[in-house]
Structure formats: C-alpha cells, structure tokens
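Novice: Have a peek at upload14.cif (mmCIF, C-alpha atoms).
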data_query
loop_
_atom_site.label_atom_id
_atom_site.label_comp_id
_atom_site.auth_asym_id
_atom_site.auth_seq_id
_atom_site.Cartn_x
_atom_site.Cartn_y
_atom_site.Cartn_z
CA MET A 1 8.79 73.10 31.44
CA ALA A 2 8.65 69.76 33.14
CA ASN A 3 8.99 69.73 36.87
CA LEU A 4 12.46 68.74 38.18
CA ARG A 5 11.07 66.10 40.48
CA ASP A 6 9.08 64.46 37.67
CA ILE A 7 12.14 64.20 35.45
CA LYS A 8 14.20 62.74 38.28
CA ARG A 9 11.50 60.15 38.92
CA ARG A 10 11.48 59.13 35.27
CA ILE A 11 15.26 58.77 35.23
CA VAL A 12 15.12 56.46 38.23
CA SER A 13 12.39 54.36 36.67
CA VAL A 14 14.27 53.98 33.39
CA GLN A 15 17.40 53.07 35.33
CA SER A 16 15.63 50.23 37.11
CA THR A 17 14.27 48.98 33.78
CA GLN A 18 17.82 49.02 32.49
CA LYS A 19 18.95 46.89 35.40
CA ILE A 20 16.31 44.32 34.55
CA THR A 21 17.02 44.21 30.83
CA SER A 22 20.76 43.95 31.27
CA ALA A 23 20.36 41.17 33.84
CA MET A 24 18.01 39.31 31.50
CA LYS A 25 20.55 39.69 28.73
CA MET A 26 23.27 38.11 30.83
CA VAL A 27 21.03 35.25 31.93
CA ALA A 28 20.03 34.61 28.32
CA ALA A 29 23.69 34.61 27.26
CA ALA A 30 24.53 31.97 29.87
CA LYS A 31 21.54 29.85 28.91
CA LEU A 32 22.40 30.19 25.25
CA ARG A 33 25.84 28.74 25.90
CA ARG A 34 24.26 25.76 27.63
CA ALA A 35 21.73 25.30 24.84
CA GLN A 36 24.48 25.35 22.24
CA GLU A 37 26.35 22.72 24.19
CA ALA A 38 23.24 20.55 24.21
CA ILE A 39 23.07 20.82 20.41
CA GLU A 40 26.73 19.82 20.19
CA ASN A 41 26.14 16.87 22.50
CA ALA A 42 23.29 15.56 20.38
CA ARG A 43 25.31 15.73 17.19
CA PRO A 44 27.35 12.49 17.44
CA TYR A 45 24.20 10.44 18.05
CA ALA A 46 22.33 12.04 15.15
CA THR A 47 25.26 11.65 12.77
CA ARG A 48 25.74 7.98 13.57
CA MET A 49 22.04 7.36 13.36
CA ARG A 50 21.98 8.91 9.91
CA SER A 51 24.94 6.97 8.58
CA THR A 52 23.54 3.71 9.88
CA LEU A 53 20.14 4.44 8.39
CA GLU A 54 21.81 5.16 5.05
CA GLU A 55 23.63 1.87 5.28
CA VAL A 56 20.48 -0.08 6.06
CA SER A 57 18.25 1.56 3.47
CA LYS A 58 20.90 0.99 0.79
CA GLY A 59 20.23 -2.72 0.87
CA SER A 60 17.22 -4.09 -0.92
CA LEU A 61 14.28 -4.24 1.43
CA ASP A 62 11.36 -6.53 0.77
CA GLU A 63 9.31 -4.85 3.38
CA GLY A 64 9.40 -1.20 4.29
CA HIS A 65 8.32 0.39 7.50
CA PRO A 66 4.88 1.84 8.28
CA LEU A 67 6.45 5.21 9.05
CA LEU A 68 8.06 5.32 5.60
CA ASP A 69 4.83 4.55 3.74
CA VAL A 70 3.25 7.47 1.96
CA HIS A 71 -0.50 7.42 2.54
CA ASP A 72 -2.64 7.81 -0.58
CA GLU A 73 -5.45 9.22 1.48
CA ARG A 74 -5.29 12.89 2.34
CA LYS A 75 -7.53 13.01 5.36
CA SER A 76 -5.69 14.37 8.29
CA LEU A 77 -2.68 16.62 8.69
CA GLU A 78 -0.94 17.10 12.02
CA LEU A 79 1.22 20.10 12.75
CA ILE A 80 3.77 20.16 15.52
CA VAL A 81 4.38 23.79 16.45
CA ILE A 82 7.30 24.51 18.76
CA THR A 83 7.70 27.84 20.57
CA SER A 84 9.19 28.96 23.86
CA ASP A 85 7.34 29.16 27.17
CA ARG A 86 8.17 32.79 27.79
CA GLY A 87 8.00 35.97 25.79
CA LEU A 88 10.28 39.02 25.80
CA ALA A 89 12.31 37.49 23.02
CA GLY A 90 11.57 39.88 20.17
CA ALA A 91 9.72 38.41 17.22
CA PHE A 92 10.97 34.89 17.98
CA ASN A 93 7.63 33.23 18.74
CA SER A 94 5.44 35.32 16.49
CA ALA A 95 7.58 34.38 13.47
CA VAL A 96 6.95 30.67 14.13
CA LEU A 97 3.24 31.19 14.80
CA LYS A 98 2.88 33.21 11.61
CA GLU A 99 4.57 30.41 9.69
CA ALA A 100 2.18 27.89 11.23
CA ASP A 101 -0.83 30.00 10.29
CA ALA A 102 0.49 30.37 6.74
CA LEU A 103 0.97 26.62 6.41
CA LEU A 104 -2.51 25.90 7.71
CA ALA A 105 -4.00 28.40 5.30
CA GLU A 106 -2.08 26.90 2.39
CA ARG A 107 -2.82 23.29 3.02
CA GLU A 108 -6.14 23.19 4.80
CA GLY A 109 -7.98 22.63 1.53
CA GLU A 110 -5.91 19.56 0.79
CA PHE A 111 -6.92 17.71 3.95
CA GLU A 112 -10.22 17.04 5.63
CA LYS A 113 -8.91 18.06 8.99
CA GLY A 114 -5.80 19.54 10.51
CA GLY A 115 -4.70 18.86 14.07
CA LEU A 116 -2.19 20.66 16.24
CA THR A 117 0.42 19.38 18.63
CA LEU A 118 1.76 22.37 20.52
CA LEU A 119 5.00 22.50 22.48
CA GLY A 120 5.76 25.63 24.46
CA LYS A 121 3.27 27.81 26.32
CA LYS A 122 3.27 30.58 23.72
CA ALA A 123 1.96 28.25 21.00
CA GLY A 124 -0.64 26.90 23.43
CA GLU A 125 -1.89 30.38 24.31
CA TYR A 126 -1.98 31.52 20.70
CA PHE A 127 -3.93 28.59 19.29
CA SER A 128 -6.23 28.13 22.25
CA ARG A 129 -7.77 31.45 21.26
CA ARG A 130 -7.76 30.87 17.51
CA ARG A 131 -8.28 27.18 16.87
CA PRO A 132 -9.23 25.55 20.16
CA SER A 133 -11.05 22.64 18.50
CA GLN A 134 -7.97 21.56 16.53
CA ILE A 135 -5.58 21.17 19.45
CA ASN A 136 -4.75 17.53 20.12
CA HIS A 137 -1.94 18.02 22.54
CA SER A 138 -0.47 21.05 24.23
CA ALA A 139 2.39 21.02 26.69
CA PRO A 140 4.87 23.53 28.08
CA ILE A 141 8.59 22.95 27.54
CA ASP A 142 9.23 23.36 31.27
CA GLY A 143 12.90 24.11 31.80
CA ASP A 144 15.59 22.32 29.86
CA VAL A 145 14.67 20.13 26.92
CA ASP A 146 15.30 16.43 27.49
CA TYR A 147 15.15 13.45 25.21
CA PRO A 148 12.25 11.56 26.84
CA GLN A 149 10.04 14.62 26.31
CA ALA A 150 10.77 14.61 22.57
CA ALA A 151 10.50 10.83 22.36
CA ASP A 152 7.06 10.78 23.98
CA VAL A 153 5.64 13.26 21.48
CA ALA A 154 7.28 11.48 18.53
CA ARG A 155 6.09 8.06 19.67
CA GLU A 156 2.50 9.15 20.06
CA LEU A 157 2.43 10.70 16.58
CA ALA A 158 4.21 7.70 15.07
CA ARG A 159 1.62 5.41 16.63
CA ARG A 160 -1.23 7.48 15.21
CA TYR A 161 0.45 7.64 11.82
CA ALA A 162 1.01 3.89 11.70
CA SER A 163 -2.61 3.23 12.66
CA GLY A 164 -3.80 5.36 9.72
CA ASP A 165 -5.17 8.10 11.93
CA LEU A 166 -2.76 10.64 10.43
CA ASP A 167 -1.64 11.04 6.83
CA GLU A 168 1.08 13.63 7.19
CA VAL A 169 2.96 15.23 10.06
CA VAL A 170 4.80 18.52 9.63
CA LEU A 171 7.13 20.09 12.16
CA ILE A 172 7.36 23.89 12.52
CA PHE A 173 10.11 25.36 14.65
CA SER A 174 12.78 28.04 14.74
CA GLU A 175 16.10 27.03 13.36
CA PHE A 176 19.06 28.45 15.21
CA VAL A 177 21.12 29.94 12.39
CA SER A 178 23.25 32.25 14.51
CA THR A 179 22.91 34.42 17.59
CA MET A 180 21.47 37.16 15.42
CA THR A 181 19.27 35.03 13.17
CA GLN A 182 16.61 32.44 13.87
CA LYS A 183 14.58 31.22 10.95
CA PRO A 184 11.15 29.59 11.17
CA VAL A 185 11.28 26.34 9.20
CA ARG A 186 8.84 23.60 8.29
CA ALA A 187 10.02 20.03 7.99
CA GLN A 188 8.02 16.98 7.03
CA LEU A 189 8.31 14.47 9.85
CA LEU A 190 6.02 11.71 8.61
CA PRO A 191 6.04 9.93 6.23
CA PHE A 192 9.70 9.77 7.12
CA THR A 193 12.21 10.11 4.30
CA PRO A 194 15.39 8.20 5.04
CA PRO A 195 18.56 10.16 4.34
CA GLU A 196 20.08 9.31 1.01
CA ALA A 197 23.72 8.41 0.84
CA GLU A 198 25.52 11.19 -0.98
CA GLU A 199 27.09 10.22 -4.27
CA GLY A 200 30.68 9.22 -3.84
CA ALA A 201 30.50 9.78 -0.11
CA GLU A 202 30.92 6.10 0.55
CA SER A 203 32.03 6.18 4.15
CA GLU A 204 34.18 3.25 5.13
CA ASP A 205 32.97 3.64 8.64
CA VAL A 206 29.63 1.98 8.10
CA GLY A 207 30.27 -0.15 5.03
CA GLY A 208 30.36 -3.93 5.06
CA TYR A 209 28.44 -4.65 8.23
CA GLU A 210 26.70 -7.89 8.79
CA ILE A 211 23.18 -7.05 9.89
CA GLU A 212 21.56 -9.31 12.44
CA PRO A 213 18.99 -10.73 12.44
CA ASP A 214 18.06 -8.94 9.16
CA PRO A 215 17.85 -5.40 7.73
CA GLU A 216 14.06 -5.28 8.26
CA ALA A 217 14.39 -5.84 12.00
CA LEU A 218 17.04 -3.15 12.25
CA LEU A 219 14.93 -0.76 10.22
CA LYS A 220 12.06 -1.37 12.58
CA ALA A 221 14.25 -0.24 15.46
CA LEU A 222 15.91 2.60 13.59
CA VAL A 223 13.09 4.51 11.94
CA PRO A 224 11.15 5.42 15.11
CA LYS A 225 14.42 6.54 16.69
CA ALA A 226 15.23 8.71 13.70
CA VAL A 227 11.80 10.35 14.02
CA GLU A 228 12.38 10.94 17.73
CA ILE A 229 15.75 12.52 17.13
CA GLU A 230 14.19 14.90 14.58
CA VAL A 231 11.74 16.16 17.20
CA PHE A 232 14.53 16.36 19.76
CA ARG A 233 16.69 18.36 17.39
CA ALA A 234 13.81 20.78 16.72
CA LEU A 235 13.35 21.29 20.46
CA LEU A 236 17.05 21.93 20.95
CA GLU A 237 17.19 24.40 18.06
CA ASN A 238 14.15 26.14 19.47
CA GLN A 239 15.76 26.36 22.90
CA ALA A 240 18.99 27.86 21.59
CA GLY A 241 17.05 30.23 19.33
CA GLU A 242 14.88 31.42 22.19
CA HIS A 243 17.83 32.41 24.33
CA ALA A 244 19.64 33.99 21.39
CA ALA A 245 16.57 36.02 20.45
CA ARG A 246 16.07 37.12 24.04
CA MET A 247 19.71 38.10 24.34
CA THR A 248 19.51 40.22 21.20
CA ALA A 249 16.21 41.79 22.23
CA MET A 250 17.49 42.61 25.70
CA GLU A 251 20.69 44.06 24.35
CA ALA A 252 18.67 46.41 22.15
CA ALA A 253 16.42 47.30 25.09
CA THR A 254 19.42 48.07 27.29
CA LYS A 255 20.83 50.32 24.59
CA ASN A 256 17.53 52.13 24.29
CA THR A 257 17.38 52.77 28.05
CA GLU A 258 20.89 54.21 27.88
CA GLU A 259 19.80 56.67 25.19
CA LEU A 260 16.69 57.56 27.11
CA ILE A 261 18.62 58.16 30.32
CA GLU A 262 21.04 60.41 28.48
CA LYS A 263 18.18 62.43 26.98
CA LEU A 264 16.40 62.73 30.32
CA THR A 265 19.57 63.75 32.14
CA LEU A 266 20.12 66.51 29.63
CA GLU A 267 16.56 67.68 30.12
CA TYR A 268 16.99 67.51 33.88
CA ASN A 269 20.16 69.60 33.81
CA ARG A 270 18.55 72.14 31.53
CA ALA A 271 15.55 72.46 33.82
CA ARG A 272 17.80 72.80 36.86
CA GLN A 273 19.86 75.50 35.16
CA ALA A 274 16.68 77.38 34.21
CA ALA A 275 15.53 77.25 37.82
CA ILE A 276 18.90 78.59 39.05
CA THR A 277 18.88 81.36 36.47
CA GLY A 278 15.35 82.28 37.50
CA GLU A 279 16.36 82.51 41.16
CA LEU A 280 19.43 84.61 40.35
CA VAL A 281 17.35 87.02 38.30
CA GLU A 282 14.97 87.36 41.23
CA ILE A 283 17.81 88.10 43.69
CA VAL A 284 19.49 90.61 41.39
CA THR A 285 16.22 92.38 40.66
CA GLY A 286 15.43 92.45 44.36
CA ALA A 287 18.86 93.99 45.19
CA GLN A 288 18.51 96.55 42.45
CA ALA A 289 15.13 97.59 43.77
CA LEU A 290 16.64 98.34 47.19
CA GLU A 291 19.30 100.71 45.82
CA MET B 1 42.81 -8.30 24.50
CA ALA B 2 40.73 -5.20 24.73
CA ILE B 3 37.93 -3.46 22.94
CA GLU B 4 36.94 0.19 22.88
CA LEU B 5 33.42 0.69 24.19
CA VAL B 6 31.62 3.90 23.22
CA VAL B 7 28.09 4.59 24.43
CA VAL B 8 26.38 7.50 22.67
CA THR B 9 23.02 8.95 23.73
CA PRO B 10 21.14 11.96 22.32
CA GLU B 11 22.29 13.91 25.36
CA GLY B 12 25.96 13.26 24.71
CA GLU B 13 28.60 10.57 24.98
CA ALA B 14 27.82 8.56 28.09
CA LEU B 15 30.85 6.34 28.13
CA SER B 16 34.08 5.92 26.22
CA GLU B 17 36.71 3.56 27.51
CA THR B 18 38.72 0.47 26.78
CA VAL B 19 37.30 -2.70 28.30
CA GLN B 20 37.89 -6.43 28.17
CA GLN B 21 34.44 -7.47 27.12
CA VAL B 22 30.94 -6.11 27.00
CA VAL B 23 27.67 -8.06 27.19
CA LEU B 24 24.68 -6.41 25.50
CA PRO B 25 20.94 -7.12 25.53
CA GLY B 26 20.29 -7.76 21.81
CA GLU B 27 16.76 -8.15 20.52
CA ALA B 28 17.59 -11.72 19.61
CA GLY B 29 19.17 -12.41 22.99
CA GLU B 30 22.19 -11.38 25.00
CA PHE B 31 25.53 -11.34 23.28
CA GLY B 32 29.09 -10.65 24.36
CA VAL B 33 31.62 -8.66 22.38
CA LEU B 34 35.33 -9.40 22.59
CA GLU B 35 38.25 -8.09 20.57
CA SER B 36 38.23 -9.10 16.88
CA HIS B 37 34.49 -9.61 16.87
CA GLU B 38 32.96 -9.84 13.41
CA ARG B 39 31.65 -6.51 12.04
CA PHE B 40 27.95 -6.34 12.61
CA LEU B 41 24.93 -4.18 13.34
CA THR B 42 22.07 -5.25 15.55
CA PRO B 43 19.11 -3.74 17.38
CA LEU B 44 19.20 -3.69 21.19
CA GLN B 45 16.34 -3.78 23.63
CA LEU B 46 15.86 -2.38 27.10
CA GLY B 47 18.10 -4.41 29.37
CA PRO B 48 21.24 -4.67 31.44
CA MET B 49 24.67 -4.09 29.93
CA GLU B 50 27.64 -5.74 31.57
CA ILE B 51 31.01 -4.08 31.25
CA ILE B 52 33.88 -6.42 32.00
CA ARG B 53 37.20 -4.84 32.90
CA ASP B 54 40.41 -6.21 34.37
CA SER B 55 39.54 -4.38 37.55
CA GLY B 56 36.08 -5.93 37.83
CA ASN B 57 32.63 -5.83 36.35
CA GLU B 58 30.14 -3.03 36.21
CA TRP B 59 26.48 -3.06 35.22
CA ALA B 60 24.50 -0.38 33.44
CA ALA B 61 20.86 -0.05 32.41
CA ILE B 62 20.37 0.78 28.76
CA THR B 63 17.19 1.47 26.84
CA SER B 64 16.47 0.38 23.29
CA GLY B 65 18.80 1.34 20.46
CA PHE B 66 21.39 -0.51 18.45
CA ALA B 67 25.01 -1.58 18.48
CA GLU B 68 27.67 -1.25 15.82
CA VAL B 69 30.53 -3.65 16.33
CA ASP B 70 33.83 -4.08 14.56
CA GLY B 71 37.09 -5.71 15.53
CA THR B 72 38.34 -2.88 17.70
CA ARG B 73 35.28 -0.88 18.62
CA CYS B 74 31.80 -1.41 19.94
CA VAL B 75 29.56 1.63 19.49
CA VAL B 76 26.28 1.51 21.38
CA LEU B 77 23.58 4.01 20.39
CA VAL B 78 20.78 4.13 22.95
CA ASP B 79 18.23 6.61 24.33
CA SER B 80 19.80 6.49 27.74
CA CYS B 81 22.47 4.68 29.70
CA THR B 82 22.61 4.69 33.50
CA LEU B 83 25.53 3.12 35.33
CA ALA B 84 24.55 1.05 38.35
CA SER B 85 26.52 3.40 40.57
CA ALA B 86 24.53 6.37 39.27
CA VAL B 87 21.09 4.90 40.01
CA ASP B 88 19.28 6.91 42.66
CA ALA B 89 17.15 4.12 44.10
CA GLY B 90 14.85 6.43 46.06
CA ALA B 91 14.05 8.64 43.07
CA VAL B 92 13.56 5.63 40.80
CA GLU B 93 11.24 3.94 43.33
CA SER B 94 9.05 7.01 43.61
CA ALA B 95 8.95 7.52 39.82
CA LYS B 96 7.92 3.89 39.45
CA ALA B 97 5.25 4.16 42.13
CA GLU B 98 3.85 7.27 40.47
CA ALA B 99 3.74 5.66 37.03
CA ASP B 100 2.18 2.51 38.53
CA GLY B 101 -0.50 4.60 40.19
CA GLN B 102 -1.33 6.45 36.99
CA LEU B 103 -1.36 3.19 35.06
CA SER B 104 -3.87 1.53 37.37
CA SER B 105 -6.23 4.51 37.20
CA LEU B 106 -6.09 4.73 33.40
CA PRO B 107 -8.91 2.90 31.62
CA ASP B 108 -7.64 0.20 29.29
CA ASP B 109 -9.02 1.34 25.93
CA GLU B 110 -7.89 2.50 22.50
CA ALA B 111 -7.89 6.21 23.37
CA ASN B 112 -5.31 5.71 26.09
CA ALA B 113 -3.08 3.24 24.25
CA GLY B 114 -0.32 5.80 23.72
CA GLU B 115 -0.32 6.96 27.32
CA ARG B 116 -0.40 3.37 28.61
CA ALA B 117 2.58 2.44 26.43
CA ARG B 118 4.49 5.42 27.77
CA LEU B 119 3.77 4.59 31.40
CA GLU B 120 4.60 0.93 30.90
CA GLY B 121 7.91 2.05 29.43
CA VAL B 122 8.61 4.16 32.52
CA VAL B 123 7.83 1.24 34.83
CA ALA B 124 9.95 -1.23 32.85
CA ARG B 125 12.88 1.13 32.87
CA ALA B 126 12.57 1.80 36.60
CA GLU B 127 12.48 -1.94 37.31
CA LEU B 128 15.57 -2.47 35.20
CA GLU B 129 17.47 0.32 36.94
CA LEU B 130 16.63 -1.10 40.34
CA ASP B 131 17.64 -4.57 39.19
CA VAL B 132 20.95 -3.33 37.83
CA ALA B 133 21.67 -1.34 40.98
CA SER B 134 21.18 -4.41 43.16
CA ARG B 135 23.65 -6.57 41.23
#
Reformat the file's structure so that it appears as structure tokens.
Specialist:
Amino acid sequence: MANLRDIKRRIVSVQSTQKITSAMKMVAAAKLRRAQEAIENARPYATRMRSTLEEVSKGSLDEGHPLLDVHDERKSLELIVITSDRGLAGAFNSAVLKEADALLAEREGEFEKGGLTLLGKKAGEYFSRRRPSQINHSAPIDGDVDYPQAADVARELARRYASGDLDEVVLIFSEFVSTMTQKPVRAQLLPFTPPEAEEGAESEDVGGYEIEPDPEALLKALVPKAVEIEVFRALLENQAGEHAARMTAMEAATKNTEELIEKLTLEYNRARQAAITGELVEIVTGAQALE
Amino acid sequence: MAIELVVVTPEGEALSETVQQVVLPGEAGEFGVLESHERFLTPLQLGPMEIIRDSGNEWAAITSGFAEVDGTRCVVLVDSCTLASAVDAGAVESAKAEADGQLSSLPDDEANAGERARLEGVVARAELELDVASR
C-alpha cells in the first residue's frame, strides 16, 4: 500500500500541472480569437486582389509575367515549410513536417536539387538535424505574423524564380479548418496560376475598367503582390491553427489531470481509511488484552 | 461633390471615409481623383497620398499597390498606409538608421541582391514617412 504522504505529494503535483494546462488553454483561446480576426482582416484585400487579377488576365496579354512562366527545366524545387515556434500543440507541427517529408520523398527524383525555406522554429529544428545542407533560409515567426515578414520571403523567392534559379516553389502549411481540425496542405506558389473567373460569375464590380497605362504594367504590379498575399495567408492560417491545436491539446490535458486527481484522491482516502482501521484494531486488541 | 475613399491593406481596412478629392502617387505620375472620375485601374508606387477634405488636407504614406476608381468610389489596395499623424518620427528614424547601417556593411554583389533590395525598401519607406510627417 502506497504511503499516504507519497499519494498526497502526487496529488499536489498533478494539481499544479492542471493549473498550467488550464492557463495555457485560456491563453491559447484568447490568441486564437485574435488570429481569427487577423484572417478576417486580410480577407477584403485578398478578395479584391483576386477579382482584379481575374479582370486583368481576362484581357489578351501579349506579354506574360516571369512569375507566371512555367519553366521547362526541372532543376531546382524550393519548399516553404511553415510551422509554429513552440510545441505543446498536439500533432500540429509534426503533421506539417510529415507532409513536407512525404513531398520531398515523392518529388526528389524529379528535380536535381530541393531547397528549404523554413518559417517557425519547429521546422528549423526538425530539418537542421535531417537535411542541414538543403536549408536556404530559416527564421522564427516571432510573435504575431505581419505582412512585411511574408512579403520579404515571397519577394526573395520571386526574385530567385524570375532569375531562373528556381523552377518550382511549393508551400506547405496547416490550413485552419476549424478549432478542432487543422489540415496540412501543399500549394504551388510558383509558377503562379492566376485565378480563373468562374463561369457566369461576371461580377459587375470589376468589369469595364480602363487600365492605365496598360494591362501588362498592371500585371507586373499585381502578380508579385498576389504571391505575397498567398504566403501571408499561409502564415495567418498557421497562426490560427497553432492556437486552436494548442487549445484543444490543453483542454484534453486538463481533463486528464482531473481524472488523475479523482483517482488519486480515491486511493488516498482508501489508504487513510485502512490506516484508521489498523489503529482501531490495535486499540481494541490492546483493551481486550487488559481485561 | 464628394468621393468615397477606401484604403485596404492586408492587415485590414485602413481608411474608409467620404472626401472631396484624393491625390495618389501613380506609377505614371501623380493623379487626383474627384467625383465622377472615369472608371479605371492603375498601379501605384511608394509615395505620398493627399486626402483633401472640406475641413483641410491630410497626408499619408502609402507603399506600392494599385487603385480602382469609379465615379463614386476610389479603392486603394496597398501593402501599408500610414497617416502623417500616426508617424512615430523617433521610431522611424532609428529604423532607418539601422537599415542604413546594415546596407553600408553589406557587400554589393549578386548573393546579397535580395537583402539589399529589402533594406533599400525599408530606407525609402522611412524617408517617405518622415517627409509626409513634416508636411
């Protein structure tokens, strides 16, 4: 039978763990709300960007854009892998990293070399052990996601793509489906595929604009921005997903500590009762012996 | 005579109000937008935006993007938009000094082209913000 003091000590330790997990859950919930707001805030920009891009690419273009060109050569593939900086978020990061490994395994034969652009400390740590020679860029997310951060990464890759240094760029991140579900997804970033206007969805909002000085010039301004916003969106989704995953994981952990405390308390009470019974038996036997 | 000005950035709607006129830094030169302007789309470059209201003028620093204009609305899509009143001169100065320092210590070669372009962008934007704030 376990010693009373030992059981008590375990109960106290589990209780303090519970305090931590439930506090982390509440922090994650608050951060998740903020992250969801950030996604909402980015939506009007992305929607307008898309409709304008549709409008511009509808017209006949004599000249495309270097970021839209599909390279015939299959020399170098670049992967952007986005994870969070911190762990304790269930299988959130490992799902993305597994997806990245799977993609590398699938497509490595197709290209001469594969490079990695890593955002988030967890991706950096994972690949610095496994494929240190392939890492081109690795940076932590560092607090809240902002647009310049996404734009810098996108610009650098766009520059390398346009110069012929890269032949394809794929983005791997967690999509925020709901608080309970985050799905690792891969999305081709470059060559960029402009959104196609849906059949019959002729929006009056963008139709009939005069484009100055000409569609090519506008396309030149638009395409890099559309690439940047893709990276930004991935970072935002990742951020919301991270907090949602942590919230779910911490909720489960808090529930487990509750169960454990209940079990330990029962054990404690049983042990205490056994000790009392033992003492009583001793007293009674002692008294009987005196008679 | 009034036009609705809406400035949208990836971080949310920066501005939405009815103004008399707005002057924007187009890639082909500055242009003003008044009510009943022809419908058109044009790229914008980093530069000052002047908002003209009945109550007076206000300046803002905008980065590259584009503008969508029709007779009643002028929608500006840019990476960022900072009103002159919101410019923190001290913070901008120190950011500019830091970027300048990094720029001067970076060797001017192909390998650093991306980093140089980024730093130059930071400096240009800081200069614009300071300029706008002093108007």
Novice: Write out as a PyMOL selection string each polymer residue whose atoms come within 9 Å of segment 238-241 of chain A, counting all atoms listed in the file; drop sequence neighbours fewer than 3 positions from it.
Specialist: chain A and resi 31-36+38-39+82-84+92+144-145+173-179+181-183+233-235+244-246
Novice: Within 9 Å of chain B, which residues of chain A are there when counting all atoms listed in the file? Please give them as a PyMOL selection string.
Specialist: chain A and resi 38-46+48-49+52+146-148+152+155-156+159-160+206+208-215+217-222+225+229+232
Novice: Using all atoms listed in the file, which protein or nucleic acid residues come within 9 Å of Asp131 of chain B? Drop anything in the same chain fewer than 5 positions from it, and give the result as a list in words.
Specialist: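 My list of contacting residues is Pro48, Ala61, Ala84 and Ala126 of chain B.
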Novice: By how many Å are atom CA of Leu266 of chain A and atom CA of Ser13 of chain A apart?
Specialist: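 These two atoms are separated by 16.0 Å.
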Novice: Which residues would end up in the selection if the PyMOL selection byres ((chain B and resi 24) around 8) were applied here, given that I need the answer as a PyMOL selection string?
Specialist: chain B and resi 22-23+25-26+30-33+44+47-50
Novice: If the PyMOL selection byres ((chain A and resi 123) around 12) were run on this exact file, what residues would it hold? Put them as a PyMOL selection string.
Specialist: chain A and resi 79-87+92-101+116-122+124-132+135+137-141+172-173
Novice: Once the PyMOL selection byres ((chain A and resi 270-284) around 8) has been evaluated on this model, what residues remain selected, and can you format them as a VMD selection string?
Specialist: chain A and resid 1 to 4 266 to 269 285 to 288
Novice: Grab the residues selected above and save them as a short mmCIF file (atom, residue, chain, number, x, y, z; two decimals), in the frame of the given file with C-alpha atoms.
Specialist:
data_model
loop_
_atom_site.label_atom_id
_atom_site.label_comp_id
_atom_site.auth_asym_id
_atom_site.auth_seq_id
_atom_site.Cartn_x
_atom_site.Cartn_y
_atom_site.Cartn_z
CA MET A 1 8.79 73.10 31.44
CA ALA A 2 8.65 69.76 33.14
CA ASN A 3 8.99 69.73 36.87
CA LEU A 4 12.46 68.74 38.18
CA LEU A 266 20.12 66.51 29.63
CA GLU A 267 16.56 67.68 30.12
CA TYR A 268 16.99 67.51 33.88
CA ASN A 269 20.16 69.60 33.81
CA THR A 285 16.22 92.38 40.66
CA GLY A 286 15.43 92.45 44.36
CA ALA A 287 18.86 93.99 45.19
CA GLN A 288 18.51 96.55 42.45
#
Novice: With all atoms listed in the file as the counted atoms, please give the residues lying no more than 10 Å from Glu112 of chain A, apart from itself and same-chain residues fewer than 6 positions off, as a PyMOL selection string.
Specialist: chain A and resi 74-77
Novice: Quick check, in Å to one decimal: how far apart do atom CA of Pro194 of chain A and atom CA of Glu73 of chain A lie?
Specialist: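 So the answer is 21.2 Å.
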Novice: So the first atom is atom CA of Pro66 of chain A and the second is atom CA of Pro195 of chain A; what is the distance between them in Å, to one decimal place?
Specialist: 16.5 Å
Novice: Need a file for segment 4-59 of chain A from that block: C-alpha atoms, written as an mmCIF file, in the first residue's frame.
Specialist:
data_model
loop_
_atom_site.group_PDB
_atom_site.id
_atom_site.type_symbol
_atom_site.label_atom_id
_atom_site.label_comp_id
_atom_site.auth_asym_id
_atom_site.auth_seq_id
_atom_site.Cartn_x
_atom_site.Cartn_y
_atom_site.Cartn_z
ATOM 1 C CA LEU A 4 -0.155 8.461 2.489
ATOM 2 C CA ARG A 5 2.414 11.195 2.160
ATOM 3 C CA ASP A 6 3.524 9.970 -1.272
ATOM 4 C CA ILE A 7 -0.030 9.990 -2.591
ATOM 5 C CA LYS A 8 -0.634 13.472 -1.216
ATOM 6 C CA ARG A 9 2.530 14.696 -2.906
ATOM 7 C CA ARG A 10 1.422 13.269 -6.240
ATOM 8 C CA ILE A 11 -1.992 14.906 -5.936
ATOM 9 C CA VAL A 12 -0.369 18.282 -5.349
ATOM 10 C CA SER A 13 1.954 17.857 -8.302
ATOM 11 C CA VAL A 14 -0.883 16.888 -10.646
ATOM 12 C CA GLN A 15 -2.883 19.852 -9.384
ATOM 13 C CA SER A 16 -0.120 22.277 -10.273
ATOM 14 C CA THR A 17 0.156 20.699 -13.733
ATOM 15 C CA GLN A 18 -3.564 21.233 -14.099
ATOM 16 C CA LYS A 19 -3.177 24.897 -13.269
ATOM 17 C CA ILE A 20 -0.593 25.257 -16.008
ATOM 18 C CA THR A 21 -2.561 23.402 -18.668
ATOM 19 C CA SER A 22 -5.783 25.237 -17.962
ATOM 20 C CA ALA A 23 -3.989 28.601 -18.032
ATOM 21 C CA MET A 24 -2.349 27.679 -21.339
ATOM 22 C CA LYS A 25 -5.734 26.711 -22.700
ATOM 23 C CA MET A 26 -7.186 30.096 -21.839
ATOM 24 C CA VAL A 27 -4.225 31.960 -23.301
ATOM 25 C CA ALA A 28 -4.493 29.915 -26.496
ATOM 26 C CA ALA A 29 -8.223 30.659 -26.709
ATOM 27 C CA ALA A 30 -7.586 34.403 -26.474
ATOM 28 C CA LYS A 31 -4.803 34.244 -29.051
ATOM 29 C CA LEU A 32 -6.975 32.159 -31.340
ATOM 30 C CA ARG A 33 -9.624 34.858 -31.328
ATOM 31 C CA ARG A 34 -7.022 37.430 -32.324
ATOM 32 C CA ALA A 35 -5.622 35.170 -35.029
ATOM 33 C CA GLN A 36 -9.086 34.621 -36.462
ATOM 34 C CA GLU A 37 -9.630 38.357 -36.540
ATOM 35 C CA ALA A 38 -6.380 38.766 -38.461
ATOM 36 C CA ILE A 39 -7.638 36.269 -41.048
ATOM 37 C CA GLU A 40 -10.889 38.209 -41.333
ATOM 38 C CA ASN A 41 -8.984 41.469 -41.736
ATOM 39 C CA ALA A 42 -6.904 40.099 -44.577
ATOM 40 C CA ARG A 43 -9.926 38.848 -46.473
ATOM 41 C CA PRO A 44 -11.127 42.070 -48.167
ATOM 42 C CA TYR A 45 -7.652 42.726 -49.580
ATOM 43 C CA ALA A 46 -7.264 39.178 -50.879
ATOM 44 C CA THR A 47 -10.737 39.145 -52.428
ATOM 45 C CA ARG A 48 -10.230 42.424 -54.241
ATOM 46 C CA MET A 49 -6.805 41.369 -55.372
ATOM 47 C CA ARG A 50 -8.263 38.197 -56.832
ATOM 48 C CA SER A 51 -11.102 39.904 -58.658
ATOM 49 C CA THR A 52 -8.765 42.491 -60.129
ATOM 50 C CA LEU A 53 -6.324 39.820 -61.222
ATOM 51 C CA GLU A 54 -9.180 37.959 -62.900
ATOM 52 C CA GLU A 55 -10.173 41.126 -64.681
ATOM 53 C CA VAL A 56 -6.659 41.812 -65.906
ATOM 54 C CA SER A 57 -5.836 38.282 -67.007
ATOM 55 C CA LYS A 58 -9.121 38.090 -68.933
ATOM 56 C CA GLY A 59 -7.810 40.554 -71.474
#
